[in-house]
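Let me begin by presenting the structure, written as structure tokens, before commenting on it.
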Amino acid sequence: MLLAANIMLFALAVALLVPIAMFSLECLSALLPARHSQQPPGAERPSVAILMPAHNEEPVIEATVRSLLPALGEEDRLLVVADNCTDRTAAVARRSGAGVVERHDPARRGKGYALAYGIAHLAEQPPEVLVLLDADTQADPNALADLVHAARSSGRPAQAINLLDPPPDPTPRDLMSCLAFTVRNLVRPLGLAALGLPSQLSNGVAMPWTVAARAPLAGQSIVEDMQLGLDLAVAGHPPLLCPQAEVKGRLPGKETAAVSQRTRWDHGHLQTLLRQTPRLLREAFRQRRVDLLAMALDLAVPPLSLLCLSWTLATGAALFGWFLGASPWPALLLGASGTMFAGAVLMAWGRFGRRIISLRALLRVPSYVAWKAPIYLAFLIKRQRTWLRTERDV
């Protein structure tokens, strides 16, 4: 009985050590100088199409379209795919200056289907570089130029730094969410880029048309961008980070919208982690590619709140086992990994998160983890499998 308990506790400690070590390496590497690939002055600019999927985005689509028009050249296009809309998204986008195609297929809903529909439309007169942006995105024209240049010069998908602004009058929970998003989409990608390793995809992607035309887009994943990046990497097009390009959205302020968005993100992340990590490991060894191995280890890092919760429960079990006579080594190993984890979080906050949240507010991590615990419990009982639009703050 004691031997079985020791084996189980050791396995649990090692299973948590792997993602914590990967997370800590990424945070430490993020302090290294980033690799920039800026467009040289006078460089020939490729033709560009910005493809924007939109489902019931009437409140935000006009501001987004008008902010992007100055970045377009004479041969460039901005195409909005009004996907299964029941509001005036299409009309507002047209009035604002975008090209619009409308798609109606309630049985197949989601960003992936909308992107596939838009690419099929653009194939009649394809651009050299395709940019994918969400409908609530704020993007600087110069950042888009750098993103396009990175995709064209490398021949690979290029990912912008994708961040979220807090809602007006944010709560400490909102600020904690923004910090977690910053760690996920800024700190960890910077660390991977500093090591010369690929990035995961999220909002704000540019890719050569030759890559986009063959990209597997139409699918059921509720984290379409992440799945797309993994598929492209396996096919030989690992995404790279363009750190000088930044796009921003806004965190929803309403409680129901916030829970809905985090449920979709976390459930989608966990489903992708369980399904795709073994696939990436197989392909890494089959193709003998270190970059796929790194993407597998990065994907194996669960949402930080879940990682914190799992470590707390495992440490409690190890200490209880030690009290009953089991080996002390699992508890000591978990203590070391917990110290590493806390140090990495503080390092990421100190370098990248001070402007987002104060140290005093950061100490409320346990209440934030407790708030998210029902989301992880729901993954075991009734996980979200279909795409649901996040309600926008108006």
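Ordering of the structure tokens sets the chain letters (A, B, ...), residue numbers begin anew at 1 in every chain, and ligands are numbered from 1 in the order given.
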Among region 56-296 of chain A, which ones does DSSP assign to helix (DSSP H, G or I) (computed from the backbone)? Answer as a ChimeraX atom specification. /A:58-71,89-96,111-122,141-154,172-194,209-212,224-234,255-287,290-296
Quick one: everything within 9 Å of Val187 (chain A), counting only C-alpha atoms, minus sequence neighbours fewer than 6 positions away in the same chain. Send it as a PDB file with all heavy atoms, in the first residue's frame.
ATOM      1  N   GLU A  26      10.676  29.568 -20.116  1.00  0.00           N
ATOM      2  CA  GLU A  26      10.139  30.602 -21.001  1.00  0.00           C
ATOM      3  C   GLU A  26      10.201  31.974 -20.347  1.00  0.00           C
ATOM      4  O   GLU A  26      10.578  32.968 -20.996  1.00  0.00           O
ATOM      5  CB  GLU A  26       8.699  30.250 -21.383  1.00  0.00           C
ATOM      6  CG  GLU A  26       8.589  29.033 -22.291  1.00  0.00           C
ATOM      7  CD  GLU A  26       7.162  28.569 -22.506  1.00  0.00           C
ATOM      8  OE1 GLU A  26       6.294  28.882 -21.657  1.00  0.00           O
ATOM      9  OE2 GLU A  26       6.903  27.891 -23.516  1.00  0.00           O
ATOM     10  N   CYS A  27       9.824  32.050 -19.066  1.00  0.00           N
ATOM     11  CA  CYS A  27       9.847  33.343 -18.375  1.00  0.00           C
ATOM     12  C   CYS A  27      11.271  33.868 -18.239  1.00  0.00           C
ATOM     13  O   CYS A  27      11.518  35.075 -18.411  1.00  0.00           O
ATOM     14  CB  CYS A  27       9.200  33.207 -16.995  1.00  0.00           C
ATOM     15  SG  CYS A  27       7.421  32.911 -17.036  1.00  0.00           S
ATOM     16  N   SER A  29      13.852  33.111 -20.220  1.00  0.00           N
ATOM     17  CA  SER A  29      14.361  33.449 -21.551  1.00  0.00           C
ATOM     18  C   SER A  29      13.764  34.742 -22.073  1.00  0.00           C
ATOM     19  O   SER A  29      14.365  35.412 -22.921  1.00  0.00           O
ATOM     20  CB  SER A  29      14.070  32.307 -22.534  1.00  0.00           C
ATOM     21  OG  SER A  29      14.670  31.109 -22.107  1.00  0.00           O
ATOM     22  N   ALA A  30      12.577  35.104 -21.582  1.00  0.00           N
ATOM     23  CA  ALA A  30      11.947  36.350 -22.027  1.00  0.00           C
ATOM     24  C   ALA A  30      12.762  37.578 -21.642  1.00  0.00           C
ATOM     25  O   ALA A  30      12.561  38.657 -22.212  1.00  0.00           O
ATOM     26  CB  ALA A  30      10.538  36.460 -21.451  1.00  0.00           C
ATOM     27  N   LEU A  31      13.663  37.437 -20.695  1.00  0.00           N
ATOM     28  CA  LEU A  31      14.515  38.549 -20.293  1.00  0.00           C
ATOM     29  C   LEU A  31      15.667  38.768 -21.265  1.00  0.00           C
ATOM     30  O   LEU A  31      16.350  39.789 -21.201  1.00  0.00           O
ATOM     31  CB  LEU A  31      15.069  38.300 -18.890  1.00  0.00           C
ATOM     32  CG  LEU A  31      14.037  38.060 -17.784  1.00  0.00           C
ATOM     33  CD1 LEU A  31      14.732  37.837 -16.465  1.00  0.00           C
ATOM     34  CD2 LEU A  31      13.050  39.214 -17.687  1.00  0.00           C
ATOM     35  N   ALA A 348       8.116  37.334 -14.182  1.00  0.00           N
ATOM     36  CA  ALA A 348       7.296  37.823 -15.289  1.00  0.00           C
ATOM     37  C   ALA A 348       6.546  39.088 -14.885  1.00  0.00           C
ATOM     38  O   ALA A 348       6.454  40.045 -15.668  1.00  0.00           O
ATOM     39  CB  ALA A 348       6.312  36.737 -15.728  1.00  0.00           C
ATOM     40  N   PHE A 352       7.220  42.534 -16.803  1.00  0.00           N
ATOM     41  CA  PHE A 352       6.179  42.830 -17.798  1.00  0.00           C
ATOM     42  C   PHE A 352       4.812  43.203 -17.198  1.00  0.00           C
ATOM     43  O   PHE A 352       3.946  43.660 -17.939  1.00  0.00           O
ATOM     44  CB  PHE A 352       5.969  41.613 -18.716  1.00  0.00           C
ATOM     45  CG  PHE A 352       7.198  41.197 -19.466  1.00  0.00           C
ATOM     46  CD1 PHE A 352       7.999  40.173 -18.994  1.00  0.00           C
ATOM     47  CD2 PHE A 352       7.549  41.834 -20.645  1.00  0.00           C
ATOM     48  CE1 PHE A 352       9.148  39.777 -19.693  1.00  0.00           C
ATOM     49  CE2 PHE A 352       8.676  41.456 -21.354  1.00  0.00           C
ATOM     50  CZ  PHE A 352       9.481  40.419 -20.868  1.00  0.00           C
TER      51      PHE A 352
END
Need the shell around Arg364 (chain A): protein/DNA/RNA residues with any atom at most 12 Å away, counting only C-alpha atoms. Skip same-chain ones fewer than 6 positions apart. Format as a ChimeraX atom specification? /A:171-177,357-358,370-371
How close does region 102-208 of chain A get to region 223-229 of chain A? List, as a Markdown table, each residue of region 102-208 of chain A within 8 Å, its nearest atom pair and the distance in Å to one decimal, counting only C-alpha atoms.
| residue | atom | partner | partner_atom | distance |
| --- | --- | --- | --- | --- |
| A:Lys111 | CA | A:Glu224 | CA | 6.8 |
| A:Gly112 | CA | A:Glu224 | CA | 6.0 |
| A:Gln200 | CA | A:Gly229 | CA | 5.8 |
| A:Leu201 | CA | A:Gly229 | CA | 5.0 |
| A:Ser202 | CA | A:Asp225 | CA | 4.9 |
| A:Asn203 | CA | A:Asp225 | CA | 7.0 |
Would you mind listing what lies within 12 Å of region 274-289 of chain A as a PyMOL selection string, with only C-alpha atoms counted and same-chain residues fewer than 4 positions away left out? chain A and resi 197-198+221+226-236+238+267-270+293-302
Limited to N, CA, C and O atoms, could you put the picked residues into a file as an mmCIF file, in the first residue's frame?
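The result, written out as result_1.cif:
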data_model
loop_
_atom_site.group_PDB
_atom_site.id
_atom_site.type_symbol
_atom_site.label_atom_id
_atom_site.label_comp_id
_atom_site.auth_asym_id
_atom_site.auth_seq_id
_atom_site.Cartn_x
_atom_site.Cartn_y
_atom_site.Cartn_z
ATOM 1 N N LEU A 197 12.716 29.456 -31.089
ATOM 2 C CA LEU A 197 11.673 28.434 -31.183
ATOM 3 C C LEU A 197 10.357 29.050 -31.642
ATOM 4 O O LEU A 197 10.140 30.260 -31.499
ATOM 5 N N PRO A 198 9.437 28.238 -32.193
ATOM 6 C CA PRO A 198 8.188 28.776 -32.751
ATOM 7 C C PRO A 198 7.242 29.294 -31.679
ATOM 8 O O PRO A 198 7.343 28.962 -30.496
ATOM 9 N N SER A 221 -12.667 23.097 -33.673
ATOM 10 C CA SER A 221 -11.946 23.556 -32.492
ATOM 11 C C SER A 221 -12.504 24.889 -32.015
ATOM 12 O O SER A 221 -12.825 25.769 -32.807
ATOM 13 N N MET A 226 -5.052 28.557 -32.115
ATOM 14 C CA MET A 226 -4.076 27.634 -31.557
ATOM 15 C C MET A 226 -3.971 26.370 -32.404
ATOM 16 O O MET A 226 -2.868 25.905 -32.727
ATOM 17 N N GLN A 227 -5.119 25.814 -32.785
ATOM 18 C CA GLN A 227 -5.125 24.601 -33.597
ATOM 19 C C GLN A 227 -4.475 24.854 -34.951
ATOM 20 O O GLN A 227 -3.715 24.011 -35.451
ATOM 21 N N LEU A 228 -4.757 26.006 -35.550
ATOM 22 C CA LEU A 228 -4.172 26.338 -36.845
ATOM 23 C C LEU A 228 -2.648 26.388 -36.754
ATOM 24 O O LEU A 228 -1.939 25.862 -37.625
ATOM 25 N N GLY A 229 -2.130 27.013 -35.707
ATOM 26 C CA GLY A 229 -0.686 27.101 -35.551
ATOM 27 C C GLY A 229 -0.029 25.736 -35.436
ATOM 28 O O GLY A 229 1.036 25.494 -36.006
ATOM 29 N N LEU A 230 -0.671 24.823 -34.706
ATOM 30 C CA LEU A 230 -0.122 23.476 -34.555
ATOM 31 C C LEU A 230 -0.144 22.728 -35.883
ATOM 32 O O LEU A 230 0.830 22.049 -36.245
ATOM 33 N N ASP A 231 -1.256 22.841 -36.610
ATOM 34 C CA ASP A 231 -1.359 22.162 -37.902
ATOM 35 C C ASP A 231 -0.318 22.677 -38.886
ATOM 36 O O ASP A 231 0.300 21.897 -39.623
ATOM 37 N N LEU A 232 -0.120 23.996 -38.918
ATOM 38 C CA LEU A 232 0.863 24.573 -39.825
ATOM 39 C C LEU A 232 2.279 24.132 -39.439
ATOM 40 O O LEU A 232 3.118 23.858 -40.312
ATOM 41 N N ALA A 233 2.558 24.062 -38.143
ATOM 42 C CA ALA A 233 3.890 23.642 -37.700
ATOM 43 C C ALA A 233 4.181 22.207 -38.123
ATOM 44 O O ALA A 233 5.272 21.905 -38.615
ATOM 45 N N VAL A 234 3.213 21.325 -37.932
ATOM 46 C CA VAL A 234 3.402 19.929 -38.324
ATOM 47 C C VAL A 234 3.622 19.821 -39.833
ATOM 48 O O VAL A 234 4.408 18.998 -40.308
ATOM 49 N N ALA A 235 2.947 20.691 -40.597
ATOM 50 C CA ALA A 235 3.078 20.675 -42.054
ATOM 51 C C ALA A 235 4.369 21.327 -42.547
ATOM 52 O O ALA A 235 4.598 21.393 -43.757
ATOM 53 N N GLY A 236 5.201 21.834 -41.630
ATOM 54 C CA GLY A 236 6.474 22.417 -42.028
ATOM 55 C C GLY A 236 6.513 23.923 -42.053
ATOM 56 O O GLY A 236 7.462 24.515 -42.580
ATOM 57 N N PRO A 238 6.304 26.317 -39.144
ATOM 58 C CA PRO A 238 6.188 26.732 -37.737
ATOM 59 C C PRO A 238 6.092 28.250 -37.616
ATOM 60 O O PRO A 238 6.877 28.978 -38.219
ATOM 61 N N HIS A 267 -11.308 25.685 -21.635
ATOM 62 C CA HIS A 267 -11.751 24.375 -22.110
ATOM 63 C C HIS A 267 -11.117 24.048 -23.456
ATOM 64 O O HIS A 267 -10.696 22.911 -23.699
ATOM 65 N N GLY A 268 -11.047 25.054 -24.333
ATOM 66 C CA GLY A 268 -10.405 24.823 -25.625
ATOM 67 C C GLY A 268 -8.931 24.501 -25.468
ATOM 68 O O GLY A 268 -8.400 23.607 -26.144
ATOM 69 N N HIS A 269 -8.251 25.221 -24.576
ATOM 70 C CA HIS A 269 -6.834 24.969 -24.320
ATOM 71 C C HIS A 269 -6.632 23.547 -23.805
ATOM 72 O O HIS A 269 -5.750 22.810 -24.293
ATOM 73 N N LEU A 270 -7.446 23.128 -22.842
ATOM 74 C CA LEU A 270 -7.281 21.798 -22.255
ATOM 75 C C LEU A 270 -7.603 20.692 -23.256
ATOM 76 O O LEU A 270 -6.913 19.671 -23.312
ATOM 77 N N LEU A 293 9.052 19.510 -30.765
ATOM 78 C CA LEU A 293 9.170 19.092 -29.370
ATOM 79 C C LEU A 293 8.956 20.273 -28.431
ATOM 80 O O LEU A 293 8.256 20.165 -27.421
ATOM 81 N N ALA A 294 9.524 21.427 -28.792
ATOM 82 C CA ALA A 294 9.342 22.630 -27.967
ATOM 83 C C ALA A 294 7.881 23.064 -27.960
ATOM 84 O O ALA A 294 7.353 23.463 -26.908
ATOM 85 N N MET A 295 7.207 22.979 -29.112
ATOM 86 C CA MET A 295 5.790 23.347 -29.149
ATOM 87 C C MET A 295 4.954 22.387 -28.314
ATOM 88 O O MET A 295 3.974 22.795 -27.667
ATOM 89 N N ALA A 296 5.322 21.104 -28.299
ATOM 90 C CA ALA A 296 4.604 20.134 -27.477
ATOM 91 C C ALA A 296 4.759 20.456 -25.995
ATOM 92 O O ALA A 296 3.790 20.419 -25.226
ATOM 93 N N LEU A 297 5.974 20.786 -25.575
ATOM 94 C CA LEU A 297 6.210 21.105 -24.172
ATOM 95 C C LEU A 297 5.523 22.412 -23.785
ATOM 96 O O LEU A 297 4.999 22.542 -22.668
ATOM 97 N N ASP A 298 5.497 23.379 -24.698
ATOM 98 C CA ASP A 298 4.802 24.637 -24.435
ATOM 99 C C ASP A 298 3.298 24.400 -24.323
ATOM 100 O O ASP A 298 2.634 24.937 -23.431
ATOM 101 N N LEU A 299 2.763 23.582 -25.225
ATOM 102 C CA LEU A 299 1.331 23.279 -25.185
ATOM 103 C C LEU A 299 0.959 22.513 -23.920
ATOM 104 O O LEU A 299 -0.163 22.650 -23.411
ATOM 105 N N ALA A 300 1.893 21.733 -23.386
ATOM 106 C CA ALA A 300 1.619 20.928 -22.199
ATOM 107 C C ALA A 300 1.509 21.753 -20.929
ATOM 108 O O ALA A 300 1.120 21.220 -19.882
ATOM 109 N N VAL A 301 1.850 23.043 -20.992
ATOM 110 C CA VAL A 301 1.666 23.922 -19.830
ATOM 111 C C VAL A 301 0.188 24.305 -19.764
ATOM 112 O O VAL A 301 -0.316 25.005 -20.632
ATOM 113 N N PRO A 302 -0.553 23.855 -18.756
ATOM 114 C CA PRO A 302 -1.975 24.177 -18.675
ATOM 115 C C PRO A 302 -2.186 25.632 -18.279
ATOM 116 O O PRO A 302 -1.225 26.347 -17.961
#
Run DSSP on the backbone and tell me which residues of region 70-186 of chain A come out as strand (DSSP E or B); list them as a ChimeraX atom specification. /A:77-83,99-103,129-132,138-139,158-165
Could you list, as a list in words, every residue within 9 Å of region 319-327 of chain A, counting only C-alpha atoms and ignoring same-chain residues fewer than 3 positions away?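 Within the cut-off, the hits are Leu2, Leu3, Ala5, Asn6, Leu9, Ala314, Thr315, Gly316, Pro330 and Ala331 of chain A.
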A:Leu115, A:Val60, A:Ile50, A:Leu273: which is nearest Ala98 (chain A), counting only C-alpha atoms? A:Ile50
Among listed residues A:Pro328, A:Pro208, A:Gly335, A:Gly350, nearest Trp311 (chain A) (using only C-alpha atoms):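 The closest residue to Trp311 (chain A) is A:Gly335.
Put simply, CA of Thr89 (chain A) is 12.2 Å away from CA of Asp136 (chain A).
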Mind giving me the straight-line distance from CA of Leu12 (chain A) to CA of Thr339 (chain A) in Å, one decimal? 16.6 Å
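The residue that comes closest to Ile356 (chain A), out of A:Leu307, A:Ala151, A:Ala180, A:Ala206 and on the basis of only C-alpha atoms, is A:Ala180.
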Give me, as CSV, the closest atom pair and its distance (Å, one decimal) for every residue of region 170-282 of chain A within a cut-off of 8 Å of region 140-144 of chain A, counting only C-alpha atoms, rows sorted by chain and rising number.
residue,atom,partner,partner_atom,distance
A:Gln244,CA,A:Ala143,CA,6.7
A:Ala245,CA,A:Ala143,CA,4.2
A:Glu246,CA,A:Ala143,CA,6.2
A:Val247,CA,A:Asp140,CA,7.4
Write the selection just made, keeping N, CA and C atoms, as a compact mmCIF listing (two decimals), in the first residue's frame?
# COMPACT_ATOMS: atom_id res chain seq x y z
N GLN A 244 7.80 43.24 -32.53
CA GLN A 244 7.57 44.67 -32.66
C GLN A 244 6.16 44.99 -33.14
N ALA A 245 5.41 43.98 -33.56
CA ALA A 245 4.01 44.18 -33.97
C ALA A 245 3.10 43.83 -32.80
N GLU A 246 2.15 44.71 -32.51
CA GLU A 246 1.25 44.49 -31.37
C GLU A 246 -0.19 44.76 -31.78
N VAL A 247 -1.08 43.87 -31.40
CA VAL A 247 -2.51 44.07 -31.58
C VAL A 247 -3.17 43.95 -30.21
Atom-to-atom span, CA of Arg103 (chain A) and CA of Asp83 (chain A), Å: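 Between these atoms lies a distance of 4.9 Å.
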If we count only C-alpha atoms and set the cut-off at 12 Å, which residues sit around His149 (chain A), ignoring sequence neighbours fewer than 2 positions away in its own chain? Please answer as a PyMOL selection string. chain A and resi 36-41+43-48+128-131+142-147+151-160+205-208+242+244-245
